[in-house]
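Structure first, commentary second.
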Amino acid sequence: MIETSASEALGPWKRKHQRRKIDALIKVKSHDGKVYGCRNRDISPGGIFVVANTKLVPLAVGTSVQMNIKFSSSPTVFVAEGRVARMTRETSVEAKMFKPGYGIEFTRVDGVGKKLFAVLLK
């Protein structure tokens with residue numbers, strides 16, 4: 001039997017914002033200064049799901065991160081800060097349908113990011 005924790009596989013009914021599938025490249029900087037290059041699965045004004053091997057990119061739920069995000073449809077990079085809200089491990093039920101990684105809730109998005117959200121996430 002595969003176990004999931006309360007922070008895994010919360011589902012869309014818990015979301016405040018509808019997520020959109022818009023490709024982006026993300027540099028995630030953890031609290032210890034390590035930087036990881038990742039892609040996203042989806043994004044909303046409230047957060048982003050970062051696709052990552054949870055063994056190679058070890059971020060604990062509750063960890064604060066800084067991100068540089070570049071949408072594939074825009075040359076502009078914006079800066080956001082966030083908190084790891086949930087993790088989908090390779091062994092979780094959700095990982096059977098989606099790639100593993102982290103749901104990150106935005107705690108701050110710079111002005112450039114807010115403008116891009118207004119255009120791309122309408």
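Residues in the structure tokens are numbered from 1 in each chain, the chains being A, B, ... in the order shown, and ligands are numbered from 1 in the order shown.
Residues with any atom within 6 Å of region 21-29 of chain A, counting only C-alpha atoms and excluding same-chain neighbours fewer than 4 positions away, are A:Gly33, A:Lys34, A:Val35, A:Tyr36, A:Gly37, A:Cys38, A:Arg39, A:Asn40, A:Asp42, A:Val65, A:Gln66, A:Met67, A:Asn68, A:Ile69, A:Lys70, A:Phe71, A:Ser72.
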For Gly82 (chain A), list every protein, DNA or RNA residue within 10 Å, evaluated using only C-alpha atoms, and leave out those in the same chain fewer than 2 positions away; present the list as JSON, numbers by chain.
{"A": [28, 46, 47, 48, 62, 63, 64, 65, 66, 67, 80, 84, 85, 103, 104, 105, 106, 107, 108, 109]}
Just list the residues in chain A DSSP gives strand (DSSP E) on the backbone, as a PyMOL selection string.
chain A and resi 24-29+35-44+47-51+64-71+77-88+101-109
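For region 89-102 of chain A, the set of protein, DNA and RNA residues having any atom at most 6 Å away, when counting only C-alpha atoms and skipping those fewer than 6 positions along the same chain, is Phe49, Val50, Val51 and Ala52 of chain A.
Here the residues within region 39-111 of chain A that DSSP labels helix (DSSP H, G or I) on the basis of the backbone are Glu94, Ala95, Lys96 and Gly111 of chain A.
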